[in-house]
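A.B. asks: For reference, the file model-v2.csv (CSV, C-alpha atoms) is included below:
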```csv
chain,number,residue,atom,x,y,z
A,1,MET,CA,125.9,114.5,88.8
A,2,ARG,CA,125.4,110.9,87.6
A,3,ASP,CA,122.2,110.2,85.7
A,4,LEU,CA,121.2,106.9,87.3
A,5,SER,CA,118.1,106.7,85.1
A,6,LYS,CA,120.2,106.1,82.0
A,7,GLU,CA,123.4,104.4,83.1
A,8,GLY,CA,124.2,100.7,82.6
A,9,SER,CA,125.4,98.8,85.6
A,10,VAL,CA,125.2,100.9,88.8
A,11,PRO,CA,126.7,99.4,92.0
A,12,GLY,CA,124.1,98.6,94.6
A,13,LEU,CA,121.0,98.9,92.5
A,14,GLU,CA,121.0,95.2,91.6
A,15,THR,CA,121.0,94.3,95.3
A,16,LEU,CA,118.0,96.6,95.9
A,17,VAL,CA,116.0,95.1,92.9
A,18,SER,CA,116.8,91.6,94.1
A,19,ALA,CA,115.6,92.3,97.6
A,20,ASN,CA,112.4,93.9,96.3
A,21,PRO,CA,111.7,96.0,99.5
A,22,ASP,CA,108.5,97.9,100.2
A,23,ILE,CA,110.5,100.5,102.2
A,24,VAL,CA,114.2,101.2,102.1
A,25,LEU,CA,116.4,103.6,104.0
A,26,LEU,CA,119.5,104.7,102.1
A,27,THR,CA,122.5,106.1,104.0
A,28,HIS,CA,125.6,107.8,102.6
A,29,VAL,CA,123.7,109.2,99.7
A,30,ASP,CA,124.4,112.8,98.5
A,31,PHE,CA,121.5,115.3,98.9
A,32,ASP,CA,120.6,117.8,96.2
A,33,ALA,CA,117.9,120.5,96.7
A,34,GLY,CA,115.7,119.3,93.8
A,35,LEU,CA,116.1,115.6,94.7
A,36,ALA,CA,117.2,115.0,91.1
A,37,ALA,CA,119.6,112.2,92.0
A,38,LEU,CA,116.9,110.4,94.1
A,39,SER,CA,114.3,110.8,91.3
A,40,GLY,CA,116.8,109.4,88.9
A,41,MET,CA,117.3,106.4,91.2
A,42,GLN,CA,113.5,105.8,91.4
A,43,THR,CA,113.3,106.0,87.6
A,44,ARG,CA,116.1,103.5,87.2
A,45,LEU,CA,114.7,101.1,89.8
A,46,LYS,CA,111.2,101.2,88.2
A,47,LYS,CA,112.8,100.4,84.9
A,48,ASP,CA,114.5,97.4,86.5
A,49,GLY,CA,111.2,96.2,88.1
A,50,LEU,CA,111.2,97.9,91.5
A,51,ASP,CA,108.5,100.6,91.8
A,52,LEU,CA,109.0,102.8,94.9
A,53,PRO,CA,107.1,105.9,93.9
A,54,HIS,CA,107.3,107.8,97.2
A,55,SER,CA,110.5,109.4,98.6
A,56,PHE,CA,111.7,111.5,101.4
A,57,ALA,CA,115.0,113.4,101.9
A,58,ALA,CA,116.1,116.6,103.6
A,59,ARG,CA,119.3,118.5,103.9
A,60,PRO,CA,121.5,116.5,106.3
A,61,ASN,CA,124.1,117.9,108.7
A,62,THR,CA,126.9,116.3,106.7
A,63,GLY,CA,129.1,119.0,105.2
A,64,MET,CA,127.1,121.8,106.8
A,65,PRO,CA,129.7,124.5,107.8
A,66,THR,CA,130.2,125.6,111.4
A,67,GLU,CA,132.9,128.2,110.9
A,68,LEU,CA,134.8,126.5,113.7
A,69,ASP,CA,138.0,124.5,113.9
A,70,LEU,CA,136.3,121.4,115.3
A,71,ASP,CA,139.1,119.0,114.6
A,72,GLY,CA,141.8,121.3,116.0
A,73,ASP,CA,144.1,121.3,112.9
A,74,GLY,CA,144.4,125.0,112.9
A,75,ARG,CA,142.3,125.4,109.7
A,76,LEU,CA,138.7,126.2,108.9
A,77,GLY,CA,136.4,124.6,106.4
A,78,GLY,CA,137.7,121.0,106.4
A,79,PRO,CA,135.3,118.0,106.3
A,80,ARG,CA,135.7,117.5,110.1
A,81,ASP,CA,134.8,121.1,110.8
A,82,ALA,CA,131.3,120.5,109.5
A,83,GLN,CA,128.3,119.5,111.6
A,84,GLY,CA,128.8,116.0,110.2
A,85,TYR,CA,131.8,114.9,108.2
A,86,GLY,CA,131.6,116.1,104.6
A,87,TRP,CA,133.6,118.0,102.0
A,88,PHE,CA,130.4,119.8,100.8
A,89,SER,CA,126.9,120.4,102.2
A,90,GLY,CA,124.7,117.3,101.7
A,91,GLN,CA,127.5,114.8,101.1
A,92,GLY,CA,126.6,111.4,102.5
A,93,GLY,CA,123.1,112.1,103.7
A,94,GLN,CA,120.0,109.9,104.1
A,95,ALA,CA,116.9,109.1,101.9
A,96,ILE,CA,113.9,106.9,102.1
A,97,LEU,CA,112.0,105.2,99.3
A,98,SER,CA,108.6,103.6,99.8
A,99,ARG,CA,105.7,102.0,98.1
A,100,TRP,CA,103.3,104.1,100.2
A,101,PRO,CA,103.1,107.8,101.1
A,102,MET,CA,105.3,109.2,103.9
A,103,ARG,CA,105.3,112.2,106.1
A,104,LEU,CA,107.9,113.7,108.5
A,105,VAL,CA,106.6,113.6,112.1
A,106,ALA,CA,109.7,114.8,113.9
A,107,ASP,CA,113.2,115.9,112.9
A,108,GLN,CA,115.8,115.9,115.7
A,109,SER,CA,118.6,116.7,113.4
A,110,THR,CA,119.0,120.3,114.7
A,111,LEU,CA,119.2,119.2,118.4
A,112,LEU,CA,122.5,120.5,119.9
A,113,TRP,CA,124.8,117.8,121.2
A,114,GLU,CA,125.0,119.6,124.6
A,115,ASN,CA,121.2,119.4,124.9
A,116,ALA,CA,120.8,115.7,124.2
A,117,PRO,CA,119.4,113.7,127.1
A,118,GLU,CA,122.3,112.3,129.3
A,119,THR,CA,124.8,113.9,126.9
A,120,LEU,CA,128.5,112.9,127.1
A,121,MET,CA,129.6,116.2,125.5
A,122,ARG,CA,132.2,117.9,127.8
A,123,ARG,CA,132.8,121.5,128.7
A,124,GLU,CA,136.2,121.4,126.9
A,125,ASP,CA,134.7,120.1,123.7
A,126,THR,CA,134.8,122.6,120.8
A,127,GLY,CA,131.4,123.5,119.5
A,128,ALA,CA,129.4,124.6,122.5
A,129,GLY,CA,126.2,126.3,121.3
A,130,ILE,CA,126.8,125.2,117.7
A,131,GLN,CA,127.6,121.5,117.4
A,132,ARG,CA,124.6,119.4,116.5
A,133,LEU,CA,124.2,115.9,117.8
A,134,SER,CA,123.2,114.3,114.5
A,135,THR,CA,126.1,113.5,112.1
A,136,SER,CA,123.5,113.1,109.3
A,137,ALA,CA,119.9,113.2,110.5
A,138,HIS,CA,117.5,111.7,113.1
A,139,TRP,CA,114.0,111.5,111.4
A,140,ALA,CA,110.7,110.1,112.7
A,141,ILE,CA,108.9,109.2,109.5
A,142,GLU,CA,105.3,107.9,109.3
A,143,VAL,CA,104.6,105.5,106.4
A,144,ALA,CA,100.9,105.2,105.4
A,145,HIS,CA,100.8,101.4,105.2
A,146,PRO,CA,97.5,99.9,104.2
A,147,ASP,CA,97.3,97.9,107.4
A,148,GLY,CA,98.1,100.9,109.6
A,149,PRO,CA,100.8,103.6,109.9
A,150,ILE,CA,104.4,102.6,110.7
A,151,MET,CA,106.8,104.9,112.3
A,152,LEU,CA,110.4,104.8,111.1
A,153,LEU,CA,113.1,106.1,113.4
A,154,THR,CA,116.2,106.7,111.3
A,155,VAL,CA,119.8,107.3,112.2
A,156,SER,CA,123.2,107.4,110.6
A,157,ALA,CA,125.7,107.9,113.4
A,158,THR,CA,129.4,109.0,113.3
A,159,PRO,CA,131.9,106.2,113.5
A,160,PRO,CA,133.5,106.1,117.0
A,161,VAL,CA,137.1,106.4,115.5
A,162,PHE,CA,139.3,109.0,113.8
A,163,ASP,CA,139.9,110.9,117.0
A,164,GLY,CA,142.3,110.8,120.0
A,165,PRO,CA,142.3,109.9,123.6
A,166,GLU,CA,139.5,112.4,124.3
A,167,ASP,CA,137.2,110.0,122.4
A,168,ARG,CA,135.0,112.8,121.1
A,169,ASN,CA,133.6,110.7,118.2
A,170,GLY,CA,133.1,107.7,120.5
A,171,ARG,CA,131.0,109.8,122.9
A,172,ARG,CA,129.1,111.5,120.1
A,173,ASN,CA,128.3,108.1,118.5
A,174,ARG,CA,127.0,106.8,121.8
A,175,ASP,CA,124.7,109.8,122.2
A,176,GLU,CA,123.4,109.5,118.6
A,177,VAL,CA,122.7,105.8,119.0
A,178,LEU,CA,120.7,106.4,122.2
A,179,LEU,CA,118.7,109.4,121.0
A,180,TRP,CA,115.6,107.4,119.8
A,181,LEU,CA,115.7,105.3,123.0
A,182,HIS,CA,115.0,108.5,124.9
A,183,ALA,CA,112.0,109.0,122.8
A,184,LEU,CA,110.8,105.4,123.3
A,185,ASN,CA,111.2,106.0,127.0
A,186,GLY,CA,109.1,109.2,126.9
A,187,ALA,CA,112.0,111.6,127.6
A,188,LEU,CA,112.1,113.2,124.1
A,189,PRO,CA,109.4,114.0,121.6
A,190,PRO,CA,107.5,112.8,119.7
A,191,ASP,CA,105.1,110.4,121.4
A,192,LEU,CA,105.7,107.2,119.6
A,193,PRO,CA,103.0,104.6,118.7
A,194,SER,CA,103.4,100.9,119.2
A,195,SER,CA,104.5,100.4,115.6
A,196,VAL,CA,108.0,101.7,115.4
A,197,ILE,CA,111.0,100.4,113.5
A,198,LEU,CA,114.5,101.7,114.5
A,199,LEU,CA,116.8,101.4,111.5
A,200,GLY,CA,120.0,102.8,110.1
A,201,ASN,CA,123.8,102.7,110.3
A,202,LEU,CA,124.5,103.0,114.0
A,203,ASN,CA,128.2,102.5,113.3
A,204,LEU,CA,128.6,100.4,116.5
A,205,ASP,CA,129.1,96.7,117.0
A,206,PRO,CA,128.2,95.3,120.5
A,207,GLU,CA,131.1,92.9,120.5
A,208,ARG,CA,133.9,94.1,118.2
A,209,GLY,CA,135.8,97.2,117.3
A,210,GLN,CA,136.1,100.6,119.0
A,211,GLY,CA,133.2,102.6,120.5
A,212,LEU,CA,131.2,102.4,123.7
A,213,ARG,CA,129.9,99.0,122.9
A,214,ALA,CA,127.7,98.6,126.0
A,215,THR,CA,125.5,101.3,124.3
A,216,MET,CA,124.4,98.7,121.7
A,217,ASP,CA,123.5,96.3,124.5
A,218,ASP,CA,121.1,98.9,125.8
A,219,VAL,CA,119.5,99.3,122.4
A,220,LEU,CA,119.2,95.6,121.7
A,221,ALA,CA,117.8,94.9,125.1
A,222,HIS,CA,115.1,97.6,125.0
A,223,PRO,CA,111.7,96.1,125.8
A,224,ARG,CA,110.0,97.8,122.8
A,225,LEU,CA,112.4,96.4,120.2
A,226,GLN,CA,113.4,93.0,118.9
A,227,ASP,CA,116.6,91.9,117.1
A,228,PRO,CA,115.9,89.6,114.1
A,229,LEU,CA,119.6,89.2,113.3
A,230,PRO,CA,121.7,88.8,116.5
A,231,GLY,CA,125.4,88.8,115.8
A,232,GLN,CA,125.1,89.1,112.0
A,233,ALA,CA,127.9,91.1,110.3
A,234,THR,CA,126.7,93.8,108.0
A,235,VAL,CA,130.0,95.2,106.8
A,236,ARG,CA,133.5,94.0,106.0
A,237,TRP,CA,136.2,96.6,106.6
A,238,GLU,CA,139.6,96.2,104.8
A,239,ARG,CA,141.5,96.2,108.1
A,240,ALA,CA,139.0,95.5,110.9
A,241,GLY,CA,137.2,92.7,109.1
A,242,GLU,CA,133.5,91.9,109.5
A,243,MET,CA,131.4,93.9,112.0
A,244,ARG,CA,127.8,94.6,112.7
A,245,VAL,CA,127.0,98.3,112.3
A,246,SER,CA,123.7,98.5,110.4
A,247,TYR,CA,120.4,97.5,112.1
A,248,VAL,CA,116.7,97.0,111.5
A,249,LEU,CA,115.0,96.7,114.9
A,250,PRO,CA,111.2,96.3,114.7
A,251,ASP,CA,108.7,96.9,117.5
A,252,ARG,CA,107.9,93.6,119.3
A,253,ARG,CA,104.3,93.9,118.2
A,254,PHE,CA,105.4,92.9,114.7
A,255,LEU,CA,105.9,89.3,113.7
A,256,VAL,CA,109.2,88.7,112.0
A,257,ARG,CA,108.7,86.4,109.0
A,258,ASP,CA,112.3,86.4,107.8
A,259,ALA,CA,115.5,88.5,107.9
A,260,GLY,CA,118.9,88.5,106.4
A,261,VAL,CA,121.9,90.4,105.1
A,262,SER,CA,122.4,90.5,101.3
A,263,PRO,CA,125.8,89.3,100.1
A,264,PRO,CA,128.3,91.9,99.0
A,265,GLU,CA,128.0,93.3,95.5
A,266,PRO,CA,131.2,94.0,93.6
A,267,ASP,CA,132.2,97.8,93.6
A,268,ALA,CA,129.2,98.6,95.9
A,269,GLY,CA,131.3,99.4,98.9
A,270,PRO,CA,131.9,97.5,102.2
A,271,HIS,CA,128.3,97.8,103.6
A,272,ARG,CA,125.6,95.2,102.9
A,273,LEU,CA,121.8,95.5,102.7
A,274,VAL,CA,120.0,94.5,105.9
A,275,TRP,CA,116.4,93.4,105.3
A,276,VAL,CA,113.5,92.2,107.5
A,277,ASP,CA,110.2,90.8,106.4
A,278,LEU,CA,107.4,91.7,108.8
A,279,ASP,CA,103.8,90.7,109.4
A,280,LEU,CA,102.1,93.9,110.5
A,281,SER,CA,98.9,92.3,111.7
A,282,PRO,CA,98.3,93.1,115.3
```
Would you mind giving the structure from this file in structure tokens?

C.D. replies:
Amino acid sequence: MRDLSKEGSVPGLETLVSANPDIVLLTHVDFDAGLAALSGMQTRLKKDGLDLPHSFAARPNTGMPTELDLDGDGRLGGPRDAQGYGWFSGQGGQAILSRWPMRLVADQSTLLWENAPETLMRREDTGAGIQRLSTSAHWAIEVAHPDGPIMLLTVSATPPVFDGPEDRNGRRNRDEVLLWLHALNGALPPDLPSSVILLGNLNLDPERGQGLRATMDDVLAHPRLQDPLPGQATVRWERAGEMRVSYVLPDRRFLVRDAGVSPPEPDAGPHRLVWVDLDLSP
């Protein structure tokens, strides 16, 4: 395990410090039971001038064994046989850092794919009764902001690629992306206040690449949400080029002061930090 509190240059941390967020959702971060890595990150960030004393993380579905051959390669225990892609339990999970206290209001990460509203899981799909919908996690997190509580709706969906003509990953991605919309529409708990922010790596571009792209049209057109960065690329893939896969979509009751995508940082990977500056006054 890398000790982030003591290392020199750590890819990605410079971008975080420069952005100076009050709240940040981290995706593709490994989970450990004692949250030692996350604590080390907080210590290092504070040393560099960014104090985010409150954190939340829980065991994700990534790398969680199913004991099934989900990818049909005739072998068990591979990364694609897990609830979410991962070589070990906790690989590539989620975490949240905040200036203010947080609490978990709802966790839909254990919801079976077959039980998701309007599910596209098919009878012939391997994993009936076991396969969870969430690749990583779906959390509803309340942040105790001084001007009133904010509800974060987090997601880190499977990429709609790396499968065959059955489009299993594409269908699962679609159902993951739509899950919090069902909650916003009252078809799934919890009851949501008028202060939500949907955010995360949805792994779906409304215009480019593979996937059921009309799904993102439904999300971006939802009457509760606003899109501060229409058409803005958030990742640059080596082969596919620039695409929009990460989003911060605030409730329409919030006034967007500014928004942007941080420029790529060397050795920090293809994804970029998406940020939105909000006025929370009613």

A.B. asks: In Å, how far is it from CA of Ser134 (chain A) to CA of Ala240 (chain A)?

C.D. replies: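 These two atoms are separated by 24.8 Å.
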
A.B. asks: Using all atoms listed in the file, can you tell me which of A:Val196, A:Ala57, A:Ala137, A:Leu13 comes closest to Gln108 (chain A)?

C.D. replies: A:Ala137

A.B. asks: Taking (117.1, 123.7, 95.7) in the file's own coordinates, collect the residues within 12 Å, counting all atoms listed in the file, and hand them back as a ChimeraX atom specification.

C.D. replies: /A:31-36,58-59,90

A.B. asks: Report the distance between CA of Gly127 (chain A) and CA of Thr110 (chain A) in Å, rounded to one decimal place.

C.D. replies: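 According to the coordinates, CA of Gly127 (chain A) and CA of Thr110 (chain A) are separated by 13.7 Å.
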
A.B. asks: Considering all atoms listed in the file, state which residue in the set A:Arg123, A:Arg75, A:Arg239, A:Lys46 is at the smallest distance from Leu97 (chain A).

C.D. replies: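 Using all atoms listed in the file, Leu97 (chain A) sits closest to A:Lys46.
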
A.B. asks: Restrict the calculation to only C-alpha atoms, then for each residue of region 203-265 of chain A with any atom at most 9 Å from an atom of region 151-161 of chain A give the closest atom pair and their distance in Å to one decimal, rows by chain and rising residue number, as JSON lines.

C.D. replies:
```
{"residue": "A:Asn203", "atom": "CA", "partner": "A:Pro159", "partner_atom": "CA", "distance": 5.2}
{"residue": "A:Leu204", "atom": "CA", "partner": "A:Pro159", "partner_atom": "CA", "distance": 7.3}
{"residue": "A:Gln210", "atom": "CA", "partner": "A:Pro160", "partner_atom": "CA", "distance": 6.4}
{"residue": "A:Gly211", "atom": "CA", "partner": "A:Pro160", "partner_atom": "CA", "distance": 5.0}
{"residue": "A:Leu212", "atom": "CA", "partner": "A:Pro160", "partner_atom": "CA", "distance": 8.0}
{"residue": "A:Ser246", "atom": "CA", "partner": "A:Ser156", "partner_atom": "CA", "distance": 8.9}
```

A.B. asks: Using all atoms listed in the file, find the one residue out of A:Thr215, A:Ser195, A:Gln131, A:Asn115 that sits nearest to Arg80 (chain A).

C.D. replies: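 Between A:Thr215, A:Ser195, A:Gln131, A:Asn115, the residue approaching Arg80 (chain A) most closely is A:Gln131.
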
A.B. asks: Within 6 Å of (121.2, 104.8, 116.3) (file coordinates; all atoms listed in the file), which protein or nucleic acid residues are there? I'd like them as a PyMOL selection string.

C.D. replies: chain A and resi 155+176-177+202

A.B. asks: Name the closest residue to Arg44 (chain A) among the candidates A:Gly12, A:Asp69, A:Leu199, A:His28; distances are taken between atoms, counting only C-alpha atoms.

C.D. replies: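 For Arg44 (chain A), the nearest of the given residues is A:Gly12.
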
A.B. asks: Between A:Gly200, A:Pro60, A:Gly74, A:Gly186, which has the minimum distance to Leu26 (chain A) (counting only C-alpha atoms)?

C.D. replies: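 Of A:Gly200, A:Pro60, A:Gly74, A:Gly186, the one nearest Leu26 (chain A) is A:Gly200, counting only C-alpha atoms.
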